[in-house]
Structures are given as structure tokens and as C-alpha cells.
Amino acid sequence: MTATASVVAPRRGHERPSAGPVRRERNLGTYFIALLFIAVCIGPVAYIVLGGFRTNAQITASPAGLPAPWNFANYAEVLGSGVFWQELGNSLIAGITTTVGVVVLGLMVSYVLARYRFRGQGVLYSLFAAGLMFPITVAITPLYLLVKDLGLTNSLAGVILPQIAFALPTTVIILVPFLRAIPDELEEAAAIDGASRLGFFFRMVVPLSLPGVVTTGILAFIGSWNSYILPLFILNDAANYTLPLGVQAFSSQYSVDTARVLAFTSLSMIPALAFFAVFQRRIVGGLTGAVKG
């Protein structure tokens with residue numbers, strides 16, 4: 001027994017050093033690729049933000065340089081203009097209204113598709129799933145004609161309603177697995193206790209599906225905030241512009257003043273970036289729950 005142990009021990013000791021360097025090399029390769037992707041994503045954003053702290057002379061002399069000295073006048077001028085705050089308010093109105101509409105309608109539709117059995121249920125769910133393959137750019141011309149016939153052109157309502165419609169497929173696809181995962185025994189117990197279907201919906205379904213609701217709400221808000229094609233066709237008056245249109249108009253008006261354009265662009269990105277950074281864990285958790293369901 002002693003001889004066997006003395007033979008086996010060196011073999012085990014010989015195997016351990018060989019596994020360590022391989023794992024370290026794999027980890028280093030993974031970290032390098034991750035850092036490369038992070039640099040590709042953060043690089044343009046950092047260039048825009050830092051470019052707002054420079055002067056046009058500095059950008060012309062060294063396009064990739066750092067601010068030397070730092071110039072805060074560009075950001076101060078943008079923040080001091082009423083146009084930026086007006087466009088920011090329009091974007092907030094459109095984003096919040098779109099988010100509320102998507103969450104409310106999507107939750108109701110998903111509840112019916114997940115908890116009820118009726119003829120055509122699978123067809124209706126497939127119809128919402130097919131909406132994911134139908135981008136808004138394909139339907140922009142007939143959509144503009146429809147909005148025009150409804151008299152909603154040059155108004156935020158003409159932007160909000162189509163945004164809600166095109167965000168519903170993603171919302172339904174995410175929320176249906178959450179609602180299907182709720183046990184039927186829970187609904188039966190609530191019915192025995194005297195809860196109606198609406199009572200079960202508001203007291204049990206909504207709290208249990210909160211991760212999916214938060215995820216769909218965040219995606220809807222960011223999608224509305226970054227929307228450009230639809231407001232470009234619907235909005236004609238500068239007083240109703242959202243921030244993406246405002247950036248384009250500001251860039252055309254101050255095409256020579258590159259530093260100020262970069263400052264305006266960075267300020268228009270900050271709310272969406274901050275919003276996404278704060279709630280990114282909820283987005284991942286909600287999508288993970290939808291896949292498990």
C-alpha cells in the first residue's frame with residue numbers, strides 16, 4: 001500500500017502544474033477579447049464626450065488628442081439653450097408614454113395568451129412573434145400615410161402610437177414565459193379564497209412577473225429614446241423635435257463648430273446610457289427568466 005501511494009502521489013502532483021498554465025492562458029485570452037470589445041464600444045463614446053471639452057482648434061490640430069486645456073464652454077452653451085431642454089422634454093414625454101403603453105398593453109395581451117385556452121391562440125402568438133421580423137423601416141411609408149389620415153402628423157402622438165405597436169412583439173415574447181411559469185395551483189388557491197380573475201391578475205400576476213415587466217419597460221424606453229426614422233417622417237415642426245432629430249438639426253446648423261456639436265451629441269446620449277447602466281442587471285435577469293420559462 002505504501003509503494004502504491006508513493007507511485008500515485010507523484011503522478012497527481014505531476015498533473016496539477018500542467019492544468020494551471022492552460023487555464024491561465026484561456027483566461028487571459030478571454031479577458032483580452034472582452035477588453036477588445038469593450039474598447040470598440042466605449043472608444044467612440046469617449047471620443048464624443050471628450051471632444052465636447054475641446055476647442056475646434058484643438059480638434060483640428062490633434063483629432064485623437066485629449067483636452068489641453070479643458071474647455072467647459074461648449075457644454076455650458078448647450079445646457080444654457082432652451083432648444084436642448086425642449087427636445088429633452090419631448091423625448092421624455094415620448095419615452096415615458098411609450099413605456100407605459102407597451103407595459104400595460106403587453107402585460108394584458110401576454111396574460112391572455114399565457115393563461116387562457118382558445119381557438120387561434122397559437123396563431124395569435126405566432127403573429128406577435130412574426131412582428132420581430134418586421135422592422136419599422138419597411139413600413140415607414142404606409143405608416144406615414146396612416147398617421148396622416150388620422151391627423152396625427154407633426155405631433156408626439158403620431159410617434160408614440162406606432163412605437164407602442166412595434167414594441168409589443170418583443171414585450172409579448174418576453175412576458176408570456178413569465179406568466180406561463182405561474183403555477184395553476186396558485187390561481188386555484190386564489191379563487192378558493194374569493195379572488196376574482198382581475199384580483200388574481202393585479203395581486204399575484206403583476207408582482208410575480210415584475211422582472212419581465214421591468215425588462216420590457218427599459219427596452220421600450222431606450223428604443224423610443226433612440227428612435228430616429230419615425231420622428232423624421234412624422235415631425236416637421238422644430239418645436240416637436242426629439243433629441244435624435246435635434247442632434248441632426250444642430251449638426252446642420254453648427255456644422256463648422258465641431259466641438260459644440262460633439263457636446264450636444266454627448267449630452268443627448270447621457271440619459272439613455274445612465275438609464276441602461278443603472279438597470280442593466282434587471283434586463284439580464286428578466287431575459288434569463290424569460291428563457292427559463
# chains A, B, ... in the order shown; residues from 1 in each chain; ligands from 1
call {"tool": "residues_around", "arguments": {"residues": "region 244-251 of chain A", "least_positions_apart": "4", "cutoff": "10 Å", "atoms": "only C-alpha atoms", "output": "number ranges by chain"}}
result
A: 83-84, 86-88, 91, 225-229, 231-232, 235, 238-240, 255-258, 260-262, 264-269
call {"tool": "residues_around", "arguments": {"residues": "Thr171 (chain A)", "least_positions_apart": "5", "cutoff": "9 Å", "atoms": "only C-alpha atoms", "output": "short mmCIF file (atom, residue, chain, number, x, y, z; two decimals) with all heavy atoms, in the first residue's frame"}}
result
data_model
loop_
_atom_site.label_atom_id
_atom_site.label_comp_id
_atom_site.auth_asym_id
_atom_site.auth_seq_id
_atom_site.Cartn_x
_atom_site.Cartn_y
_atom_site.Cartn_z
N VAL A 102 -46.67 50.31 -23.68
CA VAL A 102 -46.14 48.99 -24.02
C VAL A 102 -46.31 48.03 -22.84
O VAL A 102 -46.73 46.88 -23.03
CB VAL A 102 -44.65 49.10 -24.42
CG1 VAL A 102 -44.00 47.74 -24.48
CG2 VAL A 102 -44.53 49.79 -25.77
N VAL A 103 -46.00 48.48 -21.63
CA VAL A 103 -46.08 47.61 -20.47
C VAL A 103 -47.53 47.22 -20.18
O VAL A 103 -47.84 46.04 -19.95
CB VAL A 103 -45.44 48.30 -19.25
CG1 VAL A 103 -45.75 47.53 -17.97
CG2 VAL A 103 -43.94 48.41 -19.44
N GLY A 106 -48.93 45.18 -23.32
CA GLY A 106 -48.20 43.92 -23.44
C GLY A 106 -48.50 42.96 -22.31
O GLY A 106 -48.61 41.74 -22.54
N LEU A 107 -48.66 43.46 -21.11
CA LEU A 107 -48.96 42.59 -19.97
C LEU A 107 -50.36 41.98 -20.11
O LEU A 107 -50.56 40.79 -19.82
CB LEU A 107 -48.85 43.37 -18.66
CG LEU A 107 -48.90 42.58 -17.36
CD1 LEU A 107 -47.80 41.53 -17.33
CD2 LEU A 107 -48.78 43.51 -16.16
N SER A 110 -50.21 39.39 -23.02
CA SER A 110 -49.43 38.22 -22.62
C SER A 110 -50.19 37.36 -21.61
O SER A 110 -50.09 36.13 -21.62
CB SER A 110 -48.10 38.67 -22.01
OG SER A 110 -47.36 39.44 -22.94
N VAL A 176 -44.74 36.33 -21.95
CA VAL A 176 -45.53 35.09 -21.98
C VAL A 176 -44.86 33.96 -21.18
O VAL A 176 -45.53 33.27 -20.40
CB VAL A 176 -45.81 34.67 -23.44
CG1 VAL A 176 -46.29 33.23 -23.51
CG2 VAL A 176 -46.85 35.59 -24.05
N GLY A 212 -39.85 40.64 -15.66
CA GLY A 212 -40.11 40.78 -17.09
C GLY A 212 -40.71 42.11 -17.45
O GLY A 212 -40.40 42.69 -18.50
N VAL A 213 -41.58 42.64 -16.58
CA VAL A 213 -42.18 43.95 -16.82
C VAL A 213 -41.12 45.04 -16.83
O VAL A 213 -41.12 45.93 -17.70
CB VAL A 213 -43.26 44.24 -15.76
CG1 VAL A 213 -43.75 45.68 -15.86
CG2 VAL A 213 -44.43 43.28 -15.91
N THR A 215 -37.94 44.67 -17.49
CA THR A 215 -37.10 44.47 -18.67
C THR A 215 -37.75 45.06 -19.91
O THR A 215 -37.12 45.80 -20.68
CB THR A 215 -36.83 42.97 -18.88
OG1 THR A 215 -36.15 42.46 -17.74
CG2 THR A 215 -35.97 42.75 -20.12
N THR A 216 -39.01 44.74 -20.15
CA THR A 216 -39.70 45.26 -21.33
C THR A 216 -39.86 46.78 -21.26
O THR A 216 -39.77 47.45 -22.29
CB THR A 216 -41.08 44.60 -21.46
OG1 THR A 216 -41.82 44.77 -20.23
CG2 THR A 216 -40.93 43.12 -21.73
N GLY A 217 -40.07 47.30 -20.05
CA GLY A 217 -40.18 48.75 -19.93
C GLY A 217 -38.88 49.46 -20.26
O GLY A 217 -38.89 50.49 -20.95
N LEU A 219 -36.43 48.31 -22.24
CA LEU A 219 -36.19 48.18 -23.67
C LEU A 219 -37.08 49.13 -24.47
O LEU A 219 -36.64 49.72 -25.47
CB LEU A 219 -36.44 46.73 -24.11
CG LEU A 219 -35.48 45.68 -23.55
CD1 LEU A 219 -35.90 44.28 -23.99
CD2 LEU A 219 -34.05 45.97 -23.98
N ALA A 220 -38.33 49.29 -24.03
CA ALA A 220 -39.23 50.21 -24.74
C ALA A 220 -38.77 51.65 -24.61
O ALA A 220 -38.82 52.43 -25.57
CB ALA A 220 -40.65 50.05 -24.20
#
call {"tool": "atom_distance", "arguments": {"atom1": "CA of Arg281 (chain A)", "atom2": "CA of Leu179 (chain A)"}}
result
20.6 Å
call {"tool": "select_by_dssp", "arguments": {"residues": "region 11-236 of chain A", "states": "helix (DSSP H, G or I)", "output": "PyMOL selection string"}}
result
chain A and resi 11-51+56-61+73-80+82-115+121-133+140-149+156-180+184-192+197-208+210-225+229-234
call {"tool": "atom_distance", "arguments": {"atom1": "CA of Asn154 (chain A)", "atom2": "CA of Phe233 (chain A)"}}
result
8.8 Å
call {"tool": "atom_distance", "arguments": {"atom1": "CA of Leu127 (chain A)", "atom2": "CA of Val109 (chain A)"}}
result
12.4 Å
call {"tool": "closest_residue", "arguments": {"among": "A:Arg197, A:Ile222, A:Thr141, A:Met108", "to": "Ala277 (chain A)", "atoms": "only C-alpha atoms"}}
result
A:Ile222
call {"tool": "closest_residue", "arguments": {"among": "A:Arg115, A:Tyr47, A:Thr30, A:Ile218", "to": "Phe200 (chain A)", "atoms": "only C-alpha atoms"}}
result
A:Arg115
call {"tool": "residues_around", "arguments": {"residues": "Ala129 (chain A)", "least_positions_apart": "2", "cutoff": "8 Å", "atoms": "only C-alpha atoms", "output": "ChimeraX atom specification"}}
result
/A:125-127,131-133,169-170,173
call {"tool": "write_last_selection", "arguments": {"atoms": "N, CA and C atoms", "output": "PDB file, in the first residue's frame"}}
result
ATOM      1  N   TYR A 125     -50.206  34.095 -31.178  1.00  0.00           N
ATOM      2  CA  TYR A 125     -48.857  34.203 -30.625  1.00  0.00           C
ATOM      3  C   TYR A 125     -47.815  34.232 -31.748  1.00  0.00           C
ATOM      4  N   SER A 126     -48.027  33.426 -32.783  1.00  0.00           N
ATOM      5  CA  SER A 126     -47.106  33.429 -33.921  1.00  0.00           C
ATOM      6  C   SER A 126     -47.143  34.760 -34.650  1.00  0.00           C
ATOM      7  N   LEU A 127     -48.302  35.410 -34.657  1.00  0.00           N
ATOM      8  CA  LEU A 127     -48.408  36.717 -35.296  1.00  0.00           C
ATOM      9  C   LEU A 127     -47.556  37.750 -34.577  1.00  0.00           C
ATOM     10  N   GLY A 131     -43.877  39.674 -35.783  1.00  0.00           N
ATOM     11  CA  GLY A 131     -43.610  41.104 -35.731  1.00  0.00           C
ATOM     12  C   GLY A 131     -42.169  41.444 -35.453  1.00  0.00           C
ATOM     13  N   LEU A 132     -41.421  40.506 -34.870  1.00  0.00           N
ATOM     14  CA  LEU A 132     -39.996  40.740 -34.632  1.00  0.00           C
ATOM     15  C   LEU A 132     -39.207  40.807 -35.931  1.00  0.00           C
ATOM     16  N   MET A 133     -39.737  40.202 -36.989  1.00  0.00           N
ATOM     17  CA  MET A 133     -39.044  40.186 -38.277  1.00  0.00           C
ATOM     18  C   MET A 133     -39.542  41.290 -39.208  1.00  0.00           C
ATOM     19  N   PRO A 169     -44.446  43.196 -29.965  1.00  0.00           N
ATOM     20  CA  PRO A 169     -43.955  41.825 -30.176  1.00  0.00           C
ATOM     21  C   PRO A 169     -42.852  41.414 -29.215  1.00  0.00           C
ATOM     22  N   THR A 170     -41.853  42.259 -29.011  1.00  0.00           N
ATOM     23  CA  THR A 170     -40.790  41.928 -28.067  1.00  0.00           C
ATOM     24  C   THR A 170     -41.335  41.771 -26.655  1.00  0.00           C
ATOM     25  N   ILE A 173     -43.223  38.387 -26.364  1.00  0.00           N
ATOM     26  CA  ILE A 173     -42.310  37.248 -26.377  1.00  0.00           C
ATOM     27  C   ILE A 173     -41.598  37.096 -25.032  1.00  0.00           C
TER      28      ILE A 173
END
call {"tool": "residues_around", "arguments": {"residues": "Ala259 (chain A)", "least_positions_apart": "5", "cutoff": "9 Å", "atoms": "only C-alpha atoms", "output": "list of chain:residue names"}}
result
A:Ile48, A:Gly51, A:Gly52, A:Phe53, A:Arg54, A:Thr55, A:Asn56, A:Ile59, A:Asn74, A:Phe264
call {"tool": "write_last_selection", "arguments": {"atoms": "C-alpha atoms", "output": "mmCIF file, in the first residue's frame"}}
result
data_model
loop_
_atom_site.group_PDB
_atom_site.id
_atom_site.type_symbol
_atom_site.label_atom_id
_atom_site.label_comp_id
_atom_site.auth_asym_id
_atom_site.auth_seq_id
_atom_site.Cartn_x
_atom_site.Cartn_y
_atom_site.Cartn_z
ATOM 1 C CA ILE A 48 -17.524 62.275 -28.392
ATOM 2 C CA GLY A 51 -14.390 66.159 -27.829
ATOM 3 C CA GLY A 52 -17.001 68.382 -26.214
ATOM 4 C CA PHE A 53 -14.352 69.594 -23.764
ATOM 5 C CA ARG A 54 -12.042 70.708 -26.568
ATOM 6 C CA THR A 55 -11.958 73.656 -28.921
ATOM 7 C CA ASN A 56 -12.183 73.468 -32.695
ATOM 8 C CA ILE A 59 -9.623 69.060 -32.744
ATOM 9 C CA ASN A 74 -19.384 74.095 -25.146
ATOM 10 C CA PHE A 264 -24.685 68.433 -27.855
#
call {"tool": "decode", "arguments": {"residues": "region 122-135 of chain A", "atoms": "N, CA, C and O atoms", "output": "PDB file, in the first residue's frame"}}
result
ATOM      1  N   GLY A 122     -52.437  29.837 -30.757  1.00  0.00           N
ATOM      2  CA  GLY A 122     -51.104  29.673 -31.333  1.00  0.00           C
ATOM      3  C   GLY A 122     -50.869  30.589 -32.520  1.00  0.00           C
ATOM      4  O   GLY A 122     -49.762  31.112 -32.702  1.00  0.00           O
ATOM      5  N   VAL A 123     -51.927  30.799 -33.327  1.00  0.00           N
ATOM      6  CA  VAL A 123     -51.792  31.689 -34.486  1.00  0.00           C
ATOM      7  C   VAL A 123     -51.545  33.123 -34.022  1.00  0.00           C
ATOM      8  O   VAL A 123     -50.707  33.844 -34.594  1.00  0.00           O
ATOM      9  N   LEU A 124     -52.260  33.533 -32.994  1.00  0.00           N
ATOM     10  CA  LEU A 124     -52.092  34.896 -32.487  1.00  0.00           C
ATOM     11  C   LEU A 124     -50.700  35.098 -31.901  1.00  0.00           C
ATOM     12  O   LEU A 124     -50.070  36.142 -32.126  1.00  0.00           O
ATOM     13  N   TYR A 125     -50.206  34.095 -31.178  1.00  0.00           N
ATOM     14  CA  TYR A 125     -48.857  34.203 -30.625  1.00  0.00           C
ATOM     15  C   TYR A 125     -47.815  34.232 -31.748  1.00  0.00           C
ATOM     16  O   TYR A 125     -46.836  34.988 -31.676  1.00  0.00           O
ATOM     17  N   SER A 126     -48.027  33.426 -32.783  1.00  0.00           N
ATOM     18  CA  SER A 126     -47.106  33.429 -33.921  1.00  0.00           C
ATOM     19  C   SER A 126     -47.143  34.760 -34.650  1.00  0.00           C
ATOM     20  O   SER A 126     -46.127  35.206 -35.207  1.00  0.00           O
ATOM     21  N   LEU A 127     -48.302  35.410 -34.657  1.00  0.00           N
ATOM     22  CA  LEU A 127     -48.408  36.717 -35.296  1.00  0.00           C
ATOM     23  C   LEU A 127     -47.556  37.750 -34.577  1.00  0.00           C
ATOM     24  O   LEU A 127     -46.863  38.556 -35.213  1.00  0.00           O
ATOM     25  N   PHE A 128     -47.570  37.718 -33.258  1.00  0.00           N
ATOM     26  CA  PHE A 128     -46.721  38.629 -32.498  1.00  0.00           C
ATOM     27  C   PHE A 128     -45.245  38.283 -32.699  1.00  0.00           C
ATOM     28  O   PHE A 128     -44.399  39.172 -32.804  1.00  0.00           O
ATOM     29  N   ALA A 129     -44.944  36.982 -32.744  1.00  0.00           N
ATOM     30  CA  ALA A 129     -43.562  36.578 -32.979  1.00  0.00           C
ATOM     31  C   ALA A 129     -43.081  37.026 -34.353  1.00  0.00           C
ATOM     32  O   ALA A 129     -41.915  37.409 -34.524  1.00  0.00           O
ATOM     33  N   ALA A 130     -43.966  36.992 -35.344  1.00  0.00           N
ATOM     34  CA  ALA A 130     -43.589  37.437 -36.691  1.00  0.00           C
ATOM     35  C   ALA A 130     -43.309  38.931 -36.730  1.00  0.00           C
ATOM     36  O   ALA A 130     -42.578  39.408 -37.602  1.00  0.00           O
ATOM     37  N   GLY A 131     -43.877  39.674 -35.783  1.00  0.00           N
ATOM     38  CA  GLY A 131     -43.610  41.104 -35.731  1.00  0.00           C
ATOM     39  C   GLY A 131     -42.169  41.444 -35.453  1.00  0.00           C
ATOM     40  O   GLY A 131     -41.704  42.547 -35.765  1.00  0.00           O
ATOM     41  N   LEU A 132     -41.421  40.506 -34.870  1.00  0.00           N
ATOM     42  CA  LEU A 132     -39.996  40.740 -34.632  1.00  0.00           C
ATOM     43  C   LEU A 132     -39.207  40.807 -35.931  1.00  0.00           C
ATOM     44  O   LEU A 132     -38.122  41.397 -35.979  1.00  0.00           O
ATOM     45  N   MET A 133     -39.737  40.202 -36.989  1.00  0.00           N
ATOM     46  CA  MET A 133     -39.044  40.186 -38.277  1.00  0.00           C
ATOM     47  C   MET A 133     -39.542  41.290 -39.208  1.00  0.00           C
ATOM     48  O   MET A 133     -39.235  41.275 -40.400  1.00  0.00           O
ATOM     49  N   PHE A 134     -40.297  42.233 -38.670  1.00  0.00           N
ATOM     50  CA  PHE A 134     -40.899  43.282 -39.487  1.00  0.00           C
ATOM     51  C   PHE A 134     -40.420  44.636 -38.973  1.00  0.00           C
ATOM     52  O   PHE A 134     -41.053  45.248 -38.124  1.00  0.00           O
ATOM     53  N   PRO A 135     -39.277  45.135 -39.428  1.00  0.00           N
ATOM     54  CA  PRO A 135     -38.739  46.398 -38.899  1.00  0.00           C
ATOM     55  C   PRO A 135     -39.585  47.587 -39.333  1.00  0.00           C
ATOM     56  O   PRO A 135     -40.302  47.548 -40.345  1.00  0.00           O
TER      57      PRO A 135
END
